[in-house]
Structures are given as structure tokens and as C-alpha cells.
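Below: the structure, in C-alpha cells.
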Amino acid sequence: IVETEEKGSIRQNTKAKKSHFVFFTPVEGMISDTFNFEKKHFAIDLVAKKNSKVSSVLDGTVVVSHWSAETGFVIGVQHKNNYLSFYKHNSVLLKKAGDFVSAGEHIAIIGNSGELSSGPHLHFELWHDGVPVNPLNYIKF
């Protein structure tokens, strides 16, 4: 009986957590380009002050922390309920793969790295269930 009660309360807590998400803004800045599925721009681009700190939008685990020729310094965070966020073109990464981060915690410094960057900005992607979604539908910028 006690086991059943505990399982029931765990399920209740899980359901409550699923319905309430507060997304943090990754960086204070101005939107320079918006999400466009047809053009395969699965992100919003944010221009911000030099050396602005980039924050995780939700609690999660860093699953990507590397450099690539196209997108420069990239960090990706896996969140609950199949949300995944990517932060590209950074100048410095503050976390490594496997690190747990809290919502609002600094994970990178904005930059202009990678061949696809046209100036200092943050290219921010949000994915849900393996599909890119428009961050403007989730976060107030």
C-alpha cells in the first residue's frame, strides 16, 4: 500500500512539472534574424554587447561542447521533456559535456566564431521531440 501511494505521488509530481516550464532568455540582445523553417534557419539570432554571457534556458545536462568550422564554438543542453537547446558562434565555452547546468546559469560568452557567422551574435536553436521549434513561441525576448 505504501509503495502504491509513493508511486502515485511521484506520478503526480511528474505531471505537475511537465506542465510548468519557465524558459530563461539566453542573452539580453536584439533579434537580428528570426526562425524560418522554409529557409532552414531553425533559430533566432541575437546581437548583444561584446562579452555578454550566454545562459541556459532551462535546467539540463550539457551534451555538446565543441568547436566546428561552420558554427564555431557550440554548446548544446538536453532538458526535461525532450527539449534540446543549442547556442552557436560563441567566443568561449564555460561548460563541458556531462556538466549539469541550472536555468539561467552562464554557459558561454557571445562571439563571432565559425564560417557561417556574419558578426558577433548568438544563434539560438530550440528543439522539442527532435523537431526544431520557434523560440519566440516559448521565450520572451
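To be explicit about the labels: the chains of the C-alpha cells are called A, B, and onward in the order shown, and within each one the residues are counted from 1, while ligands get numbers from 1 in the order they are shown.
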Residues at most 12 Å from Lys88 in chain A, counting only C-alpha atoms, excluding those fewer than 2 positions away in the same chain, as a PDB file with C-alpha atoms, in the first residue's frame?
```pdb
ATOM      1  CA  PRO A  26      19.710  33.063 -23.285  1.00  0.00           C
ATOM      2  CA  PHE A  42      15.992  26.844 -37.239  1.00  0.00           C
ATOM      3  CA  ALA A  43      16.935  29.585 -34.798  1.00  0.00           C
ATOM      4  CA  ILE A  44      16.775  33.184 -33.826  1.00  0.00           C
ATOM      5  CA  ASP A  45      19.911  35.303 -33.982  1.00  0.00           C
ATOM      6  CA  LEU A  46      20.532  37.746 -31.160  1.00  0.00           C
ATOM      7  CA  VAL A  54      25.020  33.290 -22.580  1.00  0.00           C
ATOM      8  CA  VAL A  64      27.548  19.084 -26.833  1.00  0.00           C
ATOM      9  CA  SER A  65      30.515  21.338 -26.116  1.00  0.00           C
ATOM     10  CA  HIS A  66      32.850  21.657 -29.076  1.00  0.00           C
ATOM     11  CA  TRP A  67      34.145  23.715 -31.988  1.00  0.00           C
ATOM     12  CA  SER A  68      33.158  23.213 -35.630  1.00  0.00           C
ATOM     13  CA  ALA A  69      34.351  25.059 -38.733  1.00  0.00           C
ATOM     14  CA  GLU A  70      30.814  26.150 -39.708  1.00  0.00           C
ATOM     15  CA  THR A  71      29.278  27.169 -36.383  1.00  0.00           C
ATOM     16  CA  GLY A  72      32.335  27.853 -34.229  1.00  0.00           C
ATOM     17  CA  PHE A  73      32.092  27.192 -30.509  1.00  0.00           C
ATOM     18  CA  VAL A  74      28.819  25.348 -29.888  1.00  0.00           C
ATOM     19  CA  ILE A  75      27.158  24.220 -26.686  1.00  0.00           C
ATOM     20  CA  GLY A  76      24.017  22.064 -26.503  1.00  0.00           C
ATOM     21  CA  VAL A  77      21.922  21.313 -23.434  1.00  0.00           C
ATOM     22  CA  SER A  85      18.792  23.912 -26.840  1.00  0.00           C
ATOM     23  CA  PHE A  86      21.816  24.910 -28.943  1.00  0.00           C
ATOM     24  CA  ASN A  90      30.322  31.656 -29.094  1.00  0.00           C
ATOM     25  CA  SER A  91      33.802  33.004 -28.342  1.00  0.00           C
ATOM     26  CA  VAL A  92      34.277  30.880 -25.203  1.00  0.00           C
ATOM     27  CA  LEU A  93      32.502  27.818 -23.766  1.00  0.00           C
ATOM     28  CA  ILE A 107      27.379  28.508 -20.170  1.00  0.00           C
ATOM     29  CA  ALA A 108      29.242  30.563 -22.818  1.00  0.00           C
ATOM     30  CA  ILE A 109      30.377  34.010 -23.960  1.00  0.00           C
ATOM     31  CA  ILE A 110      28.810  35.502 -27.092  1.00  0.00           C
ATOM     32  CA  GLY A 111      31.107  35.608 -30.111  1.00  0.00           C
ATOM     33  CA  ASN A 112      31.689  35.558 -33.839  1.00  0.00           C
ATOM     34  CA  SER A 113      33.193  32.104 -34.360  1.00  0.00           C
ATOM     35  CA  GLY A 114      32.666  29.848 -37.353  1.00  0.00           C
ATOM     36  CA  GLU A 115      32.405  30.345 -41.111  1.00  0.00           C
ATOM     37  CA  LEU A 116      28.627  30.912 -41.009  1.00  0.00           C
ATOM     38  CA  SER A 117      28.878  33.861 -38.607  1.00  0.00           C
ATOM     39  CA  PRO A 120      29.123  38.919 -33.060  1.00  0.00           C
ATOM     40  CA  HIS A 121      25.819  37.284 -32.172  1.00  0.00           C
ATOM     41  CA  LEU A 122      24.168  34.229 -30.639  1.00  0.00           C
ATOM     42  CA  HIS A 123      22.491  31.720 -32.940  1.00  0.00           C
ATOM     43  CA  PHE A 124      19.937  30.090 -30.583  1.00  0.00           C
ATOM     44  CA  GLU A 125      18.035  26.918 -31.503  1.00  0.00           C
ATOM     45  CA  LEU A 126      15.323  25.161 -29.526  1.00  0.00           C
TER      46      LEU A 126
END
```
Out of chain A, which residues get strand (DSSP E or B) from DSSP, as a VMD selection string?
-> chain A and resid 30 to 33 36 41 44 to 47 53 to 55 60 to 68 72 to 79 83 to 90 92 to 93 100 to 101 106 to 109 111 121 to 128 131 to 133
Residue with smallest distance to Asn81 in chain A - pool A:Gly29, A:Gly119, A:Gly130, A:Gly98, counting only C-alpha atoms | A:Gly130
Residues near range 37-41 of chain A, cut-off 9 Å, only C-alpha atoms, skip fewer than 3 positions along chain, as an MDAnalysis selection string | chainID A and resid 33:34 44 132:134
Find the distance between CA of Asp129 in chain A and CA of Gly104 in chain A and write it in Å to one decimal.
->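 Calculated distance between CA of Asp129 in chain A and CA of Gly104 in chain A is 22.2 Å.
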Between A:Ala97, A:Ala48, A:Phe141, A:Pro135, which has the minimum distance to Phe35 in chain A (counting only C-alpha atoms)?
->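 Closest candidate: A:Pro135.
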For His128 in chain A, which of A:Lys96, A:Phe23, A:Lys80, A:His89 is the closest residue, counting only C-alpha atoms?
-> A:Lys80
Separation of CA of Gly60 in chain A and CA of Ser102 in chain A, in Å?
->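 We find that CA of Gly60 in chain A and CA of Ser102 in chain A lie 6.5 Å from each other.
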Going by DSSP on the backbone, which bits of chain A are alpha helix (DSSP H)? Write them as an NGL selection string, please.
-> :A and (2-19)
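Pairwise distance (CA of Ile31 in chain A, CA of Phe100 in chain A) equals 27.8 Å.
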Which is closer to Asn51 in chain A than all the others in A:Val63, A:His106, A:Met30, A:Leu84, using only C-alpha atoms?
-> A:His106
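Using only C-alpha atoms, the smallest distance between any of A:Asp99, A:Glu105, A:Leu94, A:Val131 and Val62 in chain A comes from A:Asp99.
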Extract, using only C-alpha atoms, all DNA, RNA and protein residues at most 8 Å from Ala103 in chain A, discarding same-chain residues fewer than 5 positions from it, and format them as a ChimeraX atom specification.
-> /A:23-24,55-60
